[in-house]
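Here is the file final_14.cif (mmCIF, N, CA and C atoms).
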data_start
loop_
_atom_site.label_atom_id
_atom_site.label_comp_id
_atom_site.auth_asym_id
_atom_site.auth_seq_id
_atom_site.Cartn_x
_atom_site.Cartn_y
_atom_site.Cartn_z
N GLY A 1 -2.76 22.48 19.56
CA GLY A 1 -3.94 22.58 18.74
C GLY A 1 -3.74 23.58 17.62
N VAL A 2 -4.69 23.57 16.74
CA VAL A 2 -4.67 24.47 15.59
C VAL A 2 -5.88 25.38 15.69
N PRO A 3 -5.67 26.71 15.85
CA PRO A 3 -6.82 27.61 15.92
C PRO A 3 -7.55 27.65 14.58
N ALA A 4 -8.89 27.53 14.62
CA ALA A 4 -9.68 27.54 13.39
C ALA A 4 -11.08 28.02 13.70
N SER A 5 -11.76 28.51 12.67
CA SER A 5 -13.15 28.92 12.77
C SER A 5 -13.89 28.37 11.57
N ALA A 6 -14.77 27.41 11.80
CA ALA A 6 -15.55 26.84 10.70
C ALA A 6 -16.53 27.85 10.14
N THR A 7 -17.08 28.69 11.00
CA THR A 7 -18.06 29.67 10.52
C THR A 7 -17.41 30.74 9.64
N GLU A 8 -16.16 31.08 9.93
CA GLU A 8 -15.47 32.09 9.14
C GLU A 8 -14.51 31.48 8.12
N GLY A 9 -14.32 30.16 8.19
CA GLY A 9 -13.43 29.49 7.25
C GLY A 9 -11.96 29.77 7.49
N LEU A 10 -11.62 30.19 8.70
CA LEU A 10 -10.23 30.51 9.02
C LEU A 10 -9.51 29.30 9.59
N GLY A 11 -8.29 29.04 9.10
CA GLY A 11 -7.46 27.98 9.65
C GLY A 11 -7.82 26.58 9.19
N LEU A 12 -8.77 26.44 8.27
CA LEU A 12 -9.20 25.11 7.87
C LEU A 12 -8.12 24.33 7.13
N GLU A 13 -7.31 25.01 6.35
CA GLU A 13 -6.21 24.33 5.65
C GLU A 13 -5.20 23.76 6.65
N LYS A 14 -4.95 24.50 7.72
CA LYS A 14 -4.03 24.01 8.75
C LYS A 14 -4.62 22.80 9.47
N VAL A 15 -5.93 22.83 9.72
CA VAL A 15 -6.61 21.69 10.35
C VAL A 15 -6.52 20.48 9.44
N ARG A 16 -6.80 20.67 8.15
CA ARG A 16 -6.73 19.57 7.18
C ARG A 16 -5.32 18.99 7.12
N ALA A 17 -4.31 19.85 7.09
CA ALA A 17 -2.93 19.39 7.04
C ALA A 17 -2.57 18.59 8.29
N ARG A 18 -3.03 19.06 9.46
CA ARG A 18 -2.74 18.36 10.71
C ARG A 18 -3.40 16.98 10.72
N ILE A 19 -4.63 16.90 10.23
CA ILE A 19 -5.33 15.61 10.16
C ILE A 19 -4.58 14.65 9.25
N GLN A 20 -4.13 15.13 8.09
CA GLN A 20 -3.40 14.27 7.16
C GLN A 20 -2.09 13.78 7.76
N GLN A 21 -1.44 14.61 8.58
CA GLN A 21 -0.20 14.20 9.23
C GLN A 21 -0.45 13.14 10.30
N THR A 22 -1.61 13.23 10.95
CA THR A 22 -1.91 12.37 12.08
C THR A 22 -2.45 11.00 11.66
N LEU A 23 -3.31 10.99 10.65
CA LEU A 23 -3.92 9.73 10.23
C LEU A 23 -2.93 8.88 9.45
N PRO A 24 -2.98 7.56 9.63
CA PRO A 24 -2.11 6.70 8.83
C PRO A 24 -2.57 6.69 7.38
N ALA A 25 -1.63 6.51 6.47
CA ALA A 25 -1.97 6.45 5.05
C ALA A 25 -2.74 5.16 4.78
N LEU A 26 -3.68 5.24 3.85
CA LEU A 26 -4.42 4.05 3.45
C LEU A 26 -3.50 3.11 2.69
N PRO A 27 -3.73 1.81 2.81
CA PRO A 27 -2.93 0.87 2.02
C PRO A 27 -3.14 1.08 0.52
N THR A 28 -2.17 0.64 -0.24
CA THR A 28 -2.20 0.73 -1.69
C THR A 28 -2.34 -0.68 -2.24
N GLU A 29 -3.28 -0.87 -3.18
CA GLU A 29 -3.45 -2.19 -3.78
C GLU A 29 -2.51 -2.32 -4.98
N VAL A 30 -1.74 -3.39 -5.00
CA VAL A 30 -0.77 -3.61 -6.07
C VAL A 30 -0.88 -5.04 -6.60
N THR A 31 -0.49 -5.19 -7.85
CA THR A 31 -0.32 -6.53 -8.43
C THR A 31 1.16 -6.70 -8.66
N LEU A 32 1.68 -7.79 -8.14
CA LEU A 32 3.12 -8.06 -8.20
C LEU A 32 3.37 -9.35 -8.94
N LEU A 33 4.50 -9.44 -9.60
CA LEU A 33 4.99 -10.71 -10.13
C LEU A 33 6.31 -10.99 -9.42
N VAL A 34 6.24 -11.90 -8.47
CA VAL A 34 7.42 -12.24 -7.66
C VAL A 34 8.10 -13.43 -8.31
N PRO A 35 9.34 -13.26 -8.79
CA PRO A 35 10.03 -14.36 -9.45
C PRO A 35 10.32 -15.50 -8.47
N PHE A 36 10.34 -16.70 -9.00
CA PHE A 36 10.61 -17.88 -8.16
C PHE A 36 11.97 -17.79 -7.49
N GLU A 37 12.88 -16.99 -8.03
CA GLU A 37 14.21 -16.82 -7.44
C GLU A 37 14.17 -16.01 -6.14
N ARG A 38 13.01 -15.45 -5.80
CA ARG A 38 12.85 -14.66 -4.56
C ARG A 38 11.78 -15.30 -3.68
N PRO A 39 12.00 -16.53 -3.22
CA PRO A 39 10.97 -17.27 -2.49
C PRO A 39 10.60 -16.66 -1.14
N GLU A 40 11.41 -15.77 -0.60
CA GLU A 40 11.11 -15.17 0.71
C GLU A 40 10.05 -14.07 0.65
N VAL A 41 9.78 -13.52 -0.54
CA VAL A 41 8.91 -12.36 -0.65
C VAL A 41 7.44 -12.70 -0.39
N VAL A 42 6.93 -13.79 -0.96
CA VAL A 42 5.51 -14.12 -0.80
C VAL A 42 5.16 -14.42 0.65
N PRO A 43 5.92 -15.24 1.38
CA PRO A 43 5.60 -15.45 2.79
C PRO A 43 5.70 -14.16 3.61
N TRP A 44 6.66 -13.30 3.28
CA TRP A 44 6.79 -12.00 3.97
C TRP A 44 5.54 -11.16 3.76
N LEU A 45 5.02 -11.14 2.54
CA LEU A 45 3.78 -10.41 2.27
C LEU A 45 2.62 -10.97 3.08
N HIS A 46 2.52 -12.29 3.17
CA HIS A 46 1.45 -12.90 3.95
C HIS A 46 1.54 -12.51 5.43
N ARG A 47 2.76 -12.35 5.93
CA ARG A 47 2.95 -11.98 7.34
C ARG A 47 2.71 -10.49 7.60
N THR A 48 3.03 -9.65 6.63
CA THR A 48 3.08 -8.21 6.92
C THR A 48 2.06 -7.36 6.16
N ALA A 49 1.41 -7.91 5.16
CA ALA A 49 0.48 -7.13 4.33
C ALA A 49 -0.86 -7.86 4.26
N GLU A 50 -1.78 -7.29 3.53
CA GLU A 50 -3.08 -7.92 3.31
C GLU A 50 -3.07 -8.53 1.91
N VAL A 51 -2.81 -9.84 1.84
CA VAL A 51 -2.76 -10.53 0.55
C VAL A 51 -4.18 -10.88 0.14
N ILE A 52 -4.56 -10.47 -1.05
CA ILE A 52 -5.90 -10.72 -1.56
C ILE A 52 -5.94 -12.05 -2.31
N ARG A 53 -4.95 -12.28 -3.15
CA ARG A 53 -4.87 -13.58 -3.84
C ARG A 53 -3.46 -13.79 -4.38
N THR A 54 -3.15 -15.04 -4.62
CA THR A 54 -1.88 -15.42 -5.24
C THR A 54 -2.17 -16.46 -6.32
N GLU A 55 -1.28 -16.49 -7.29
CA GLU A 55 -1.42 -17.48 -8.37
C GLU A 55 -0.04 -17.77 -8.94
N ALA A 56 0.33 -19.05 -8.95
CA ALA A 56 1.62 -19.44 -9.52
C ALA A 56 1.51 -19.43 -11.04
N GLY A 57 2.52 -18.90 -11.69
CA GLY A 57 2.56 -18.85 -13.15
C GLY A 57 3.90 -19.34 -13.65
N GLU A 58 4.13 -19.17 -14.94
CA GLU A 58 5.38 -19.66 -15.53
C GLU A 58 6.60 -18.88 -15.07
N ARG A 59 6.44 -17.56 -14.85
CA ARG A 59 7.58 -16.71 -14.52
C ARG A 59 7.71 -16.40 -13.03
N GLY A 60 6.70 -16.80 -12.24
CA GLY A 60 6.75 -16.51 -10.81
C GLY A 60 5.35 -16.53 -10.23
N THR A 61 5.22 -15.97 -9.04
CA THR A 61 3.93 -15.93 -8.35
C THR A 61 3.33 -14.55 -8.50
N THR A 62 2.12 -14.48 -9.03
CA THR A 62 1.39 -13.22 -9.09
C THR A 62 0.69 -13.03 -7.76
N VAL A 63 0.88 -11.87 -7.17
CA VAL A 63 0.29 -11.56 -5.87
C VAL A 63 -0.47 -10.24 -5.99
N VAL A 64 -1.71 -10.24 -5.56
CA VAL A 64 -2.48 -9.00 -5.42
C VAL A 64 -2.56 -8.75 -3.93
N ALA A 65 -2.08 -7.60 -3.49
CA ALA A 65 -2.02 -7.31 -2.06
C ALA A 65 -2.24 -5.83 -1.80
N ARG A 66 -2.67 -5.54 -0.59
CA ARG A 66 -2.76 -4.15 -0.12
C ARG A 66 -1.58 -3.94 0.80
N VAL A 67 -0.76 -2.95 0.44
CA VAL A 67 0.51 -2.73 1.14
C VAL A 67 0.63 -1.29 1.60
N THR A 68 1.47 -1.07 2.60
CA THR A 68 1.78 0.27 3.06
C THR A 68 2.87 0.86 2.16
N GLU A 69 3.13 2.15 2.34
CA GLU A 69 4.22 2.79 1.59
C GLU A 69 5.55 2.11 1.90
N GLU A 70 5.73 1.69 3.15
CA GLU A 70 6.96 1.00 3.55
C GLU A 70 7.10 -0.32 2.79
N HIS A 71 6.01 -1.08 2.70
CA HIS A 71 6.04 -2.34 1.94
C HIS A 71 6.34 -2.06 0.47
N LEU A 72 5.69 -1.02 -0.07
CA LEU A 72 5.85 -0.71 -1.48
C LEU A 72 7.30 -0.41 -1.82
N ALA A 73 8.00 0.21 -0.91
CA ALA A 73 9.42 0.49 -1.14
C ALA A 73 10.21 -0.81 -1.32
N LYS A 74 9.80 -1.86 -0.62
CA LYS A 74 10.52 -3.14 -0.69
C LYS A 74 10.10 -3.97 -1.90
N VAL A 75 8.81 -3.93 -2.27
CA VAL A 75 8.33 -4.78 -3.36
C VAL A 75 8.19 -4.04 -4.68
N GLY A 76 8.55 -2.77 -4.70
CA GLY A 76 8.42 -1.95 -5.91
C GLY A 76 8.95 -2.59 -7.18
N PRO A 77 10.10 -3.26 -7.13
CA PRO A 77 10.63 -3.87 -8.36
C PRO A 77 9.72 -4.96 -8.95
N PHE A 78 8.79 -5.47 -8.17
CA PHE A 78 7.93 -6.55 -8.64
C PHE A 78 6.56 -6.08 -9.12
N VAL A 79 6.28 -4.77 -9.05
CA VAL A 79 4.97 -4.25 -9.45
C VAL A 79 4.80 -4.42 -10.96
N VAL A 80 3.66 -5.03 -11.36
CA VAL A 80 3.39 -5.23 -12.79
C VAL A 80 2.20 -4.43 -13.27
N GLN A 81 1.38 -3.92 -12.35
CA GLN A 81 0.25 -3.06 -12.71
C GLN A 81 0.34 -1.81 -11.87
N PRO A 82 -0.12 -0.70 -12.43
CA PRO A 82 -0.10 0.53 -11.64
C PRO A 82 -0.82 0.35 -10.31
N VAL A 83 -0.34 1.04 -9.32
CA VAL A 83 -0.96 0.95 -8.00
C VAL A 83 -2.26 1.72 -7.99
N ALA A 84 -3.19 1.25 -7.16
CA ALA A 84 -4.50 1.93 -7.01
C ALA A 84 -4.70 2.20 -5.54
N ARG A 85 -4.94 3.45 -5.19
CA ARG A 85 -5.18 3.80 -3.79
C ARG A 85 -6.44 3.14 -3.28
N ARG A 86 -6.37 2.64 -2.10
CA ARG A 86 -7.53 2.03 -1.46
C ARG A 86 -8.41 3.14 -0.90
N VAL A 87 -9.69 3.04 -1.12
CA VAL A 87 -10.58 4.10 -0.67
C VAL A 87 -11.38 3.73 0.56
N GLY A 88 -11.13 2.64 1.18
CA GLY A 88 -11.85 2.28 2.40
C GLY A 88 -11.60 0.83 2.73
N SER A 89 -12.24 0.38 3.79
CA SER A 89 -12.04 -1.00 4.23
C SER A 89 -12.83 -1.96 3.38
#

Can you give me the file's structure in the form of structure tokens?
Amino acid sequence: GVPASATEGLGLEKVRARIQQTLPALPTEVTLLVPFERPEVVPWLHRTAEVIRTEAGERGTTVVARVTEEHLAKVGPFVVQPVARRVGS
């Protein structure tokens, strides 16, 4: 445990840090352009992430999805819009 006193304000930063370490990170919403030459990526996203929508275009499939940091490491090269942190369910 982390010793803290809410009335005296002691140890609150340590409590906050411990909570952040314990809770899972919120998903990140991204817009991706997955080229047709990478056909395995879109089905993988459907299996492992929260896909919001997809749309086929001239250069590939545009995918809007909520992904974890681990997913983002894999699909980073396909990001076409800045990521936006998800603030809740």

I'd like to see the residues matched by the PyMOL selection byres ((chain A and resi 67) around 6) on this file, and ideally I'd get them as a list in words. Pro27, Thr28, Glu29, Val30, Ala49, Glu50, Ala65, Arg66, Thr68, Glu69, His71 and Leu72 of chain A

Filtering to N, CA and C atoms, could you give me those residues as an mmCIF file, keeping the file's coordinate frame?
data_model
loop_
_atom_site.group_PDB
_atom_site.id
_atom_site.type_symbol
_atom_site.label_atom_id
_atom_site.label_comp_id
_atom_site.auth_asym_id
_atom_site.auth_seq_id
_atom_site.Cartn_x
_atom_site.Cartn_y
_atom_site.Cartn_z
ATOM 1 N N PRO A 27 -3.730 1.810 2.810
ATOM 2 C CA PRO A 27 -2.930 0.870 2.020
ATOM 3 C C PRO A 27 -3.140 1.080 0.520
ATOM 4 N N THR A 28 -2.170 0.640 -0.240
ATOM 5 C CA THR A 28 -2.200 0.730 -1.690
ATOM 6 C C THR A 28 -2.340 -0.680 -2.240
ATOM 7 N N GLU A 29 -3.280 -0.870 -3.180
ATOM 8 C CA GLU A 29 -3.450 -2.190 -3.780
ATOM 9 C C GLU A 29 -2.510 -2.320 -4.980
ATOM 10 N N VAL A 30 -1.740 -3.390 -5.000
ATOM 11 C CA VAL A 30 -0.770 -3.610 -6.070
ATOM 12 C C VAL A 30 -0.880 -5.040 -6.600
ATOM 13 N N ALA A 49 1.410 -7.910 5.160
ATOM 14 C CA ALA A 49 0.480 -7.130 4.330
ATOM 15 C C ALA A 49 -0.860 -7.860 4.260
ATOM 16 N N GLU A 50 -1.780 -7.290 3.530
ATOM 17 C CA GLU A 50 -3.080 -7.920 3.310
ATOM 18 C C GLU A 50 -3.070 -8.530 1.910
ATOM 19 N N ALA A 65 -2.080 -7.600 -3.490
ATOM 20 C CA ALA A 65 -2.020 -7.310 -2.060
ATOM 21 C C ALA A 65 -2.240 -5.830 -1.800
ATOM 22 N N ARG A 66 -2.670 -5.540 -0.590
ATOM 23 C CA ARG A 66 -2.760 -4.150 -0.120
ATOM 24 C C ARG A 66 -1.580 -3.940 0.800
ATOM 25 N N THR A 68 1.470 -1.070 2.600
ATOM 26 C CA THR A 68 1.780 0.270 3.060
ATOM 27 C C THR A 68 2.870 0.860 2.160
ATOM 28 N N GLU A 69 3.130 2.150 2.340
ATOM 29 C CA GLU A 69 4.220 2.790 1.590
ATOM 30 C C GLU A 69 5.550 2.110 1.900
ATOM 31 N N HIS A 71 6.010 -1.080 2.700
ATOM 32 C CA HIS A 71 6.040 -2.340 1.940
ATOM 33 C C HIS A 71 6.340 -2.060 0.470
ATOM 34 N N LEU A 72 5.690 -1.020 -0.070
ATOM 35 C CA LEU A 72 5.850 -0.710 -1.480
ATOM 36 C C LEU A 72 7.300 -0.410 -1.820
#

Report, in Å to a single decimal, how far apart CA of Lys74 (chain A) and CA of Arg59 (chain A) are.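 CA of Arg59 (chain A) sits 19.6 Å away from CA of Lys74 (chain A).
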
Those of chain A in DSSP alpha helix (DSSP H), formatted as JSON, numbers by chain: {"A": [12, 13, 14, 15, 16, 17, 18, 19, 20, 21, 22, 41, 42, 43, 44, 45, 46, 47, 48, 69, 70, 71, 72, 73, 74, 75]}

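Compared by their closest atoms to Pro77 (chain A), and using all atoms listed in the file, the residues A:Leu32, A:Ala17, A:Val64, A:Val51 rank with A:Leu32 nearest.
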
Expressed in Å to a single decimal, how great is the separation between CA of Thr31 (chain A) and CA of Glu70 (chain A)?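 Distance between the two atoms: 15.9 Å.
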
If the PyMOL selection byres (((chain A and resi 62 and name CA) around 8) and name CA) were run on this exact file, what residues would it hold? Put them as a compact mmCIF listing (two decimals) with N, CA and C atoms, keeping the file's coordinate frame.
# COMPACT_ATOMS: atom_id res chain seq x y z
N THR A 31 -0.49 -5.19 -7.85
CA THR A 31 -0.32 -6.53 -8.43
C THR A 31 1.16 -6.70 -8.66
N LEU A 32 1.68 -7.79 -8.14
CA LEU A 32 3.12 -8.06 -8.20
C LEU A 32 3.37 -9.35 -8.94
N LEU A 33 4.50 -9.44 -9.60
CA LEU A 33 4.99 -10.71 -10.13
C LEU A 33 6.31 -10.99 -9.42
N VAL A 34 6.24 -11.90 -8.47
CA VAL A 34 7.42 -12.24 -7.66
C VAL A 34 8.10 -13.43 -8.31
N THR A 54 -3.15 -15.04 -4.62
CA THR A 54 -1.88 -15.42 -5.24
C THR A 54 -2.17 -16.46 -6.32
N GLU A 55 -1.28 -16.49 -7.29
CA GLU A 55 -1.42 -17.48 -8.37
C GLU A 55 -0.04 -17.77 -8.94
N ALA A 56 0.33 -19.05 -8.95
CA ALA A 56 1.62 -19.44 -9.52
C ALA A 56 1.51 -19.43 -11.04
N GLY A 57 2.52 -18.90 -11.69
CA GLY A 57 2.56 -18.85 -13.15
C GLY A 57 3.90 -19.34 -13.65
N GLY A 60 6.70 -16.80 -12.24
CA GLY A 60 6.75 -16.51 -10.81
C GLY A 60 5.35 -16.53 -10.23
N THR A 61 5.22 -15.97 -9.04
CA THR A 61 3.93 -15.93 -8.35
C THR A 61 3.33 -14.55 -8.50
N VAL A 63 0.88 -11.87 -7.17
CA VAL A 63 0.29 -11.56 -5.87
C VAL A 63 -0.47 -10.24 -5.99
N VAL A 64 -1.71 -10.24 -5.56
CA VAL A 64 -2.48 -9.00 -5.42
C VAL A 64 -2.56 -8.75 -3.93

So how far away is atom N of Arg16 (chain A) from atom N of Ala73 (chain A), in Å?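 Rounded to one decimal, the two atoms are 26.8 Å apart.
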
I need the residue nearest Val41 (chain A) from this list: A:Phe78, A:Glu8, A:Leu26, A:Arg18. Use only C-alpha atoms for the distance.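 Comparing A:Phe78, A:Glu8, A:Leu26, A:Arg18 against Val41 (chain A), the winner is A:Phe78.
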